[in-house]
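**Student:** Pasting in a structure now, in structure tokens, and then I'll have a few things to ask.
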Amino acid sequence: MARSPFHRILLFAWIVVLLMDGVHASDGDADPIYKACVEQCEKTGCVGEKCFQHCKFLSDGKPEGGPWYLQEPLYLQWKQWDCRSDCRYHCMLTREEEREKLGGKPVKYHGKWLFRRAYGFQEPVSVALSALNLAIQFHGWVSFFILIYYKLPLTPSKKNYYEYTGLWNIYGILSMNSWFWSAVFHSRDVELTEKLHFSSAVALLGFSLILAILRAFSVRNEASRVMVSTPVIAFVTTHILYLNCYNLDYGLNIKVCVAMGVAQLLIWAVWAGVTHHPSWSKLWVAVVGGGLAMLLEIYDFPPYHRFVDAHALWHATTIPLTYLWWSFAKDDAEFRTSSLHKKAN
């Protein structure tokens with residue numbers, strides 16, 4: 001008996017859940033040679049023949065050469081890392097070069113792969129792709145805004161017919177915020193930028209799930225929207241507070257994000273399969289593409305030439321998917337506006 005598209009989506013979701021069990025913490029930072037290198041660097045300020053001025057301190061504990069803001073112009077400060085970051089980076093680089101010579105495979109350090117810095121950026125490819133995603137999100141949101149308020153007919157009270165305008169506007173703002181902090185985080189991975197990146201991504205996924213539920217089930221009443229949204233908002237808020245105030249658990253965050261992502265993909269997929277929406281094909285492509293792209297977030301691989309990893313490729317796949325997604329949003333606005341305008345007349 002032939003399987004329905006819904007069964008295929010459920011099968012894909014089950015595969016994703018199984019793959020989530022394969023997400024493990026790294027143990028490269030437990031390497032005794034690496035640990036000894038970092039400890040020695042923090043004492044001497046050198047890794048091999050390379051030394052760092054900001055690792056040298058006077059007897060009173062103050063940096064040699066005076067306060068940091070007197071050592072170099074401010075516009076050059078963004079290029080520099082602190083002593084520990086530089087020690088870790090160059091010890092990782094040295095250790096990975098040794099592994100490569102011995103025929104060993106790359107390992108993760110502190111939960112992440114080693115990337116080669118370029119022009120002051122920690123992960124230059126991911127930074128560039130995050131910036132492109134931000135630009136595509138901005139273009140999509142602006143084109144949606146212009147369509148709604150300047151091209152489509154309005155009600156006699158000068159309001160738009162499309163009932164989900166506010167939701168899509170909030171989605172656009174949260175998306176741009178998320179990609180902005182993604183670019184910042186990949187430029188400089190420190191605790192603050194990591195928390196901002198994770199928090200903004202979780203907030204976006206949580207609201208995307210709310211948008212999927214409200215649109216797929218045609219929830220138009222404000223009271224009903226509040227009842228549907230409140231549990232999701234409470235869960236997302238709790239998770240963000242947990243990450244920021246208790247434990248920045250990378251593995252748990254991945255599982256929460258994947259779970260919310262799979263849930264909204266299932267909702268959109270089922271809705272696209274049963275509805276007669278004129279743009280159901282765009283929605284299907286976006287859902288299937290988003291699901292396949294999600295696999296890159298679960299089963300990653302070492303960065304190619306220490307520049308391009310699975311996460312960077314995921315950034316690349318989201319660029320055309322974002323363009324398609326906003327195209328669907330505009331088609332949905334036109335479809336609903338046309339139906340409601342005809343009823344009103």
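Please note that chains go A, B, ... in the order of the structure tokens, that every chain numbers its residues from 1, and that ligands are numbered from 1 in the order shown.
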With 12 Å as the cut-off and only C-alpha atoms counted, what is the closest atom pair between each nearby residue of range 98-136 of chain A and range 172-188 of chain A? Distances in Å to one decimal, ordered by chain and number, as JSON lines.
**Tutor:**
```
{"residue": "A:Lys112", "atom": "CA", "partner": "A:His186", "partner_atom": "CA", "distance": 11.7}
{"residue": "A:Phe115", "atom": "CA", "partner": "A:His186", "partner_atom": "CA", "distance": 10.3}
{"residue": "A:Arg116", "atom": "CA", "partner": "A:Ser187", "partner_atom": "CA", "distance": 11.8}
{"residue": "A:Arg117", "atom": "CA", "partner": "A:Ser187", "partner_atom": "CA", "distance": 9.2}
{"residue": "A:Ala118", "atom": "CA", "partner": "A:Ser187", "partner_atom": "CA", "distance": 9.8}
{"residue": "A:Tyr119", "atom": "CA", "partner": "A:Ser187", "partner_atom": "CA", "distance": 9.9}
{"residue": "A:Gly120", "atom": "CA", "partner": "A:Ser187", "partner_atom": "CA", "distance": 7.7}
{"residue": "A:Phe121", "atom": "CA", "partner": "A:Ser187", "partner_atom": "CA", "distance": 4.6}
{"residue": "A:Gln122", "atom": "CA", "partner": "A:Ser187", "partner_atom": "CA", "distance": 5.1}
{"residue": "A:Glu123", "atom": "CA", "partner": "A:His186", "partner_atom": "CA", "distance": 5.3}
{"residue": "A:Pro124", "atom": "CA", "partner": "A:Ser187", "partner_atom": "CA", "distance": 6.9}
{"residue": "A:Val125", "atom": "CA", "partner": "A:His186", "partner_atom": "CA", "distance": 8.8}
{"residue": "A:Ser126", "atom": "CA", "partner": "A:His186", "partner_atom": "CA", "distance": 6.3}
{"residue": "A:Val127", "atom": "CA", "partner": "A:Ala183", "partner_atom": "CA", "distance": 4.7}
{"residue": "A:Ala128", "atom": "CA", "partner": "A:Ala183", "partner_atom": "CA", "distance": 7.5}
{"residue": "A:Leu129", "atom": "CA", "partner": "A:Ala183", "partner_atom": "CA", "distance": 8.1}
{"residue": "A:Ser130", "atom": "CA", "partner": "A:Ala183", "partner_atom": "CA", "distance": 5.2}
{"residue": "A:Ala131", "atom": "CA", "partner": "A:Ala183", "partner_atom": "CA", "distance": 6.2}
{"residue": "A:Leu132", "atom": "CA", "partner": "A:Trp179", "partner_atom": "CA", "distance": 8.9}
{"residue": "A:Asn133", "atom": "CA", "partner": "A:Trp179", "partner_atom": "CA", "distance": 6.6}
{"residue": "A:Leu134", "atom": "CA", "partner": "A:Trp179", "partner_atom": "CA", "distance": 5.3}
{"residue": "A:Ala135", "atom": "CA", "partner": "A:Met176", "partner_atom": "CA", "distance": 8.2}
{"residue": "A:Ile136", "atom": "CA", "partner": "A:Met176", "partner_atom": "CA", "distance": 9.1}
```
**Student:** Include N, CA, C and O atoms and write out the residues we just selected as a PDB file, in the first residue's frame.
**Tutor:**
```
ATOM      1  N   LYS A 112      33.153  22.728  20.057  1.00  0.00           N
ATOM      2  CA  LYS A 112      33.128  23.311  18.714  1.00  0.00           C
ATOM      3  C   LYS A 112      34.372  22.891  17.942  1.00  0.00           C
ATOM      4  O   LYS A 112      35.403  22.575  18.508  1.00  0.00           O
ATOM      5  N   PHE A 115      38.250  26.650  13.875  1.00  0.00           N
ATOM      6  CA  PHE A 115      38.183  27.422  12.633  1.00  0.00           C
ATOM      7  C   PHE A 115      39.410  28.327  12.538  1.00  0.00           C
ATOM      8  O   PHE A 115      39.929  28.799  13.552  1.00  0.00           O
ATOM      9  N   ARG A 116      39.824  28.572  11.308  1.00  0.00           N
ATOM     10  CA  ARG A 116      40.955  29.470  11.086  1.00  0.00           C
ATOM     11  C   ARG A 116      40.442  30.909  11.006  1.00  0.00           C
ATOM     12  O   ARG A 116      39.560  31.216  10.207  1.00  0.00           O
ATOM     13  N   ARG A 117      40.990  31.768  11.831  1.00  0.00           N
ATOM     14  CA  ARG A 117      40.577  33.163  11.835  1.00  0.00           C
ATOM     15  C   ARG A 117      41.018  33.875  10.559  1.00  0.00           C
ATOM     16  O   ARG A 117      42.034  33.519   9.962  1.00  0.00           O
ATOM     17  N   ALA A 118      40.233  34.887  10.177  1.00  0.00           N
ATOM     18  CA  ALA A 118      40.580  35.679   8.985  1.00  0.00           C
ATOM     19  C   ALA A 118      40.047  37.092   9.162  1.00  0.00           C
ATOM     20  O   ALA A 118      38.855  37.279   9.461  1.00  0.00           O
ATOM     21  N   TYR A 119      40.922  38.076   9.007  1.00  0.00           N
ATOM     22  CA  TYR A 119      40.555  39.492   9.084  1.00  0.00           C
ATOM     23  C   TYR A 119      39.828  39.839  10.387  1.00  0.00           C
ATOM     24  O   TYR A 119      38.913  40.654  10.407  1.00  0.00           O
ATOM     25  N   GLY A 120      40.243  39.206  11.467  1.00  0.00           N
ATOM     26  CA  GLY A 120      39.641  39.494  12.756  1.00  0.00           C
ATOM     27  C   GLY A 120      38.367  38.731  13.040  1.00  0.00           C
ATOM     28  O   GLY A 120      37.804  38.857  14.130  1.00  0.00           O
ATOM     29  N   PHE A 121      37.881  37.934  12.072  1.00  0.00           N
ATOM     30  CA  PHE A 121      36.657  37.163  12.268  1.00  0.00           C
ATOM     31  C   PHE A 121      37.003  35.723  12.641  1.00  0.00           C
ATOM     32  O   PHE A 121      37.882  35.115  12.036  1.00  0.00           O
ATOM     33  N   GLN A 122      36.265  35.188  13.596  1.00  0.00           N
ATOM     34  CA  GLN A 122      36.534  33.834  14.060  1.00  0.00           C
ATOM     35  C   GLN A 122      36.063  32.791  13.055  1.00  0.00           C
ATOM     36  O   GLN A 122      36.742  31.800  12.817  1.00  0.00           O
ATOM     37  N   GLU A 123      34.874  32.991  12.486  1.00  0.00           N
ATOM     38  CA  GLU A 123      34.335  32.088  11.459  1.00  0.00           C
ATOM     39  C   GLU A 123      33.869  32.941  10.284  1.00  0.00           C
ATOM     40  O   GLU A 123      32.674  33.242  10.153  1.00  0.00           O
ATOM     41  N   PRO A 124      34.785  33.348   9.419  1.00  0.00           N
ATOM     42  CA  PRO A 124      34.449  34.323   8.367  1.00  0.00           C
ATOM     43  C   PRO A 124      33.346  33.872   7.413  1.00  0.00           C
ATOM     44  O   PRO A 124      32.518  34.692   6.998  1.00  0.00           O
ATOM     45  N   VAL A 125      33.298  32.593   7.062  1.00  0.00           N
ATOM     46  CA  VAL A 125      32.281  32.120   6.121  1.00  0.00           C
ATOM     47  C   VAL A 125      30.888  32.197   6.755  1.00  0.00           C
ATOM     48  O   VAL A 125      29.932  32.676   6.134  1.00  0.00           O
ATOM     49  N   SER A 126      30.779  31.764   7.999  1.00  0.00           N
ATOM     50  CA  SER A 126      29.489  31.835   8.689  1.00  0.00           C
ATOM     51  C   SER A 126      29.047  33.275   8.908  1.00  0.00           C
ATOM     52  O   SER A 126      27.848  33.577   8.856  1.00  0.00           O
ATOM     53  N   VAL A 127      30.004  34.173   9.154  1.00  0.00           N
ATOM     54  CA  VAL A 127      29.671  35.590   9.312  1.00  0.00           C
ATOM     55  C   VAL A 127      29.075  36.136   8.017  1.00  0.00           C
ATOM     56  O   VAL A 127      28.032  36.815   8.022  1.00  0.00           O
ATOM     57  N   ALA A 128      29.732  35.842   6.893  1.00  0.00           N
ATOM     58  CA  ALA A 128      29.253  36.338   5.601  1.00  0.00           C
ATOM     59  C   ALA A 128      27.872  35.780   5.263  1.00  0.00           C
ATOM     60  O   ALA A 128      26.981  36.511   4.803  1.00  0.00           O
ATOM     61  N   LEU A 129      27.664  34.492   5.516  1.00  0.00           N
ATOM     62  CA  LEU A 129      26.372  33.880   5.204  1.00  0.00           C
ATOM     63  C   LEU A 129      25.273  34.369   6.147  1.00  0.00           C
ATOM     64  O   LEU A 129      24.120  34.518   5.737  1.00  0.00           O
ATOM     65  N   SER A 130      25.627  34.631   7.406  1.00  0.00           N
ATOM     66  CA  SER A 130      24.645  35.201   8.334  1.00  0.00           C
ATOM     67  C   SER A 130      24.225  36.588   7.875  1.00  0.00           C
ATOM     68  O   SER A 130      23.040  36.954   7.948  1.00  0.00           O
ATOM     69  N   ALA A 131      25.200  37.373   7.402  1.00  0.00           N
ATOM     70  CA  ALA A 131      24.893  38.712   6.895  1.00  0.00           C
ATOM     71  C   ALA A 131      23.992  38.632   5.658  1.00  0.00           C
ATOM     72  O   ALA A 131      23.063  39.446   5.500  1.00  0.00           O
ATOM     73  N   LEU A 132      24.235  37.653   4.793  1.00  0.00           N
ATOM     74  CA  LEU A 132      23.381  37.475   3.618  1.00  0.00           C
ATOM     75  C   LEU A 132      21.962  37.085   4.021  1.00  0.00           C
ATOM     76  O   LEU A 132      20.975  37.559   3.447  1.00  0.00           O
ATOM     77  N   ASN A 133      21.858  36.199   5.007  1.00  0.00           N
ATOM     78  CA  ASN A 133      20.537  35.822   5.505  1.00  0.00           C
ATOM     79  C   ASN A 133      19.807  37.019   6.089  1.00  0.00           C
ATOM     80  O   ASN A 133      18.595  37.176   5.886  1.00  0.00           O
ATOM     81  N   LEU A 134      20.533  37.862   6.810  1.00  0.00           N
ATOM     82  CA  LEU A 134      19.940  39.077   7.365  1.00  0.00           C
ATOM     83  C   LEU A 134      19.417  39.974   6.247  1.00  0.00           C
ATOM     84  O   LEU A 134      18.305  40.518   6.338  1.00  0.00           O
ATOM     85  N   ALA A 135      20.202  40.109   5.174  1.00  0.00           N
ATOM     86  CA  ALA A 135      19.788  40.948   4.046  1.00  0.00           C
ATOM     87  C   ALA A 135      18.548  40.376   3.361  1.00  0.00           C
ATOM     88  O   ALA A 135      17.618  41.124   2.995  1.00  0.00           O
ATOM     89  N   ILE A 136      18.500  39.046   3.187  1.00  0.00           N
ATOM     90  CA  ILE A 136      17.343  38.412   2.542  1.00  0.00           C
ATOM     91  C   ILE A 136      16.098  38.553   3.419  1.00  0.00           C
ATOM     92  O   ILE A 136      14.987  38.810   2.921  1.00  0.00           O
TER      93      ILE A 136
END
```
**Student:** Enumerate as a ChimeraX atom specification all residues of range 222-280 of chain A assigned to alpha helix (DSSP H) by DSSP on the backbone, naming them with the chain letters and numbers the document uses.
**Tutor:** /A:222-245,250-274,280
**Student:** Using Å and a single decimal, report how far CA of Gly28 in chain A sits from CA of His110 in chain A.
**Tutor:**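 Separation between CA of His110 in chain A and CA of Gly28 in chain A: 7.3 Å.
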**Student:** For Ser218 in chain A, which residue among A:Tyr162, A:Phe198, A:Tyr242, A:Trp325 is the nearest when counting only C-alpha atoms?
**Tutor:**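 Among the listed residues, A:Tyr162 lies closest to Ser218 in chain A.
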**Student:** In range 53-219 of chain A, what's strand (DSSP E or B) per DSSP? Answer as a list in words?
**Tutor:**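 Across range 53-219 of chain A, those assigned strand (DSSP E or B) are Phe57, Pro63, Tyr109, Lys112, Ala118, Phe121, Leu154 and Asn160 of chain A.
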**Student:** Just give me the gap between CA of Phe301 in chain A and CA of Trp314 in chain A in Å, one decimal is fine.
**Tutor:** 12.0 Å
**Student:** Show me, as a PyMOL selection string, the residues that have an atom within 6 Å of range 82-93 of chain A when counting only C-alpha atoms, minus same-chain residues fewer than 4 positions from it.
**Tutor:** chain A and resi 37-38+41+54-55
**Student:** Could you pull the residues within 12 Å of range 148-152 of chain A, counting only C-alpha atoms, minus those fewer than 3 positions along the same chain, as a ChimeraX atom specification?
**Tutor:** /A:141-145,155,158-166,168-169,329-338,340-341
**Student:** Those residues with N, CA and C atoms, as a compact mmCIF listing (two decimals), in the first residue's frame please?
**Tutor:**
```txt
# COMPACT_ATOMS: atom_id res chain seq x y z
N TRP A 141 10.89 40.99 4.37
CA TRP A 141 9.98 41.70 5.27
C TRP A 141 9.53 43.04 4.67
N VAL A 142 10.46 43.78 4.08
CA VAL A 142 10.10 45.07 3.48
C VAL A 142 9.14 44.88 2.31
N SER A 143 9.40 43.88 1.46
CA SER A 143 8.51 43.63 0.32
C SER A 143 7.12 43.20 0.81
N PHE A 144 7.07 42.44 1.89
CA PHE A 144 5.78 42.05 2.48
C PHE A 144 5.05 43.28 3.02
N PHE A 145 5.79 44.14 3.71
CA PHE A 145 5.22 45.37 4.29
C PHE A 145 4.64 46.26 3.19
N THR A 155 -9.60 47.93 4.04
CA THR A 155 -11.00 47.99 4.45
C THR A 155 -11.46 49.45 4.47
N LYS A 158 -9.60 51.69 6.63
CA LYS A 158 -8.19 51.83 6.28
C LYS A 158 -7.29 50.80 6.98
N LYS A 159 -7.86 49.64 7.27
CA LYS A 159 -7.07 48.54 7.82
C LYS A 159 -6.92 47.47 6.77
N ASN A 160 -5.86 46.67 6.89
CA ASN A 160 -5.67 45.61 5.89
C ASN A 160 -6.57 44.41 6.19
N TYR A 161 -6.91 43.68 5.15
CA TYR A 161 -7.78 42.52 5.29
C TYR A 161 -7.06 41.32 5.90
N TYR A 162 -5.77 41.21 5.65
CA TYR A 162 -5.03 40.00 6.04
C TYR A 162 -4.92 39.92 7.56
N GLU A 163 -5.45 38.85 8.13
CA GLU A 163 -5.54 38.73 9.60
C GLU A 163 -4.22 38.40 10.27
N TYR A 164 -3.20 38.00 9.50
CA TYR A 164 -1.95 37.55 10.10
C TYR A 164 -0.80 38.54 9.85
N THR A 165 -1.15 39.76 9.49
CA THR A 165 -0.12 40.77 9.20
C THR A 165 0.79 41.01 10.40
N GLY A 166 0.19 41.21 11.56
CA GLY A 166 0.98 41.48 12.77
C GLY A 166 1.92 40.33 13.10
N TRP A 168 3.29 38.14 11.00
CA TRP A 168 4.40 38.11 10.05
C TRP A 168 5.38 39.26 10.30
N ASN A 169 4.87 40.42 10.74
CA ASN A 169 5.77 41.53 11.07
C ASN A 169 6.66 41.19 12.26
N ALA A 329 4.57 33.85 2.08
CA ALA A 329 3.85 34.78 2.97
C ALA A 329 3.10 35.83 2.16
N LYS A 330 3.74 36.35 1.11
CA LYS A 330 3.08 37.36 0.27
C LYS A 330 1.93 36.75 -0.52
N ASP A 331 2.13 35.53 -1.03
CA ASP A 331 1.05 34.85 -1.74
C ASP A 331 -0.15 34.59 -0.81
N ASP A 332 0.16 34.22 0.43
CA ASP A 332 -0.91 33.97 1.39
C ASP A 332 -1.68 35.25 1.69
N ALA A 333 -0.95 36.36 1.81
CA ALA A 333 -1.61 37.65 2.05
C ALA A 333 -2.52 38.03 0.89
N GLU A 334 -2.04 37.82 -0.33
CA GLU A 334 -2.85 38.14 -1.51
C GLU A 334 -4.09 37.23 -1.59
N PHE A 335 -3.90 35.97 -1.30
CA PHE A 335 -4.99 34.99 -1.35
C PHE A 335 -6.08 35.33 -0.34
N ARG A 336 -5.70 35.58 0.91
CA ARG A 336 -6.68 35.89 1.95
C ARG A 336 -7.34 37.25 1.70
N THR A 337 -6.55 38.23 1.27
CA THR A 337 -7.11 39.55 1.00
C THR A 337 -8.12 39.50 -0.13
N SER A 338 -7.81 38.77 -1.19
CA SER A 338 -8.73 38.64 -2.31
C SER A 338 -10.04 37.98 -1.89
N LEU A 340 -11.39 37.82 1.21
CA LEU A 340 -12.12 38.67 2.14
C LEU A 340 -12.68 39.92 1.45
N HIS A 341 -11.92 40.44 0.47
CA HIS A 341 -12.38 41.62 -0.28
C HIS A 341 -13.62 41.30 -1.10
```
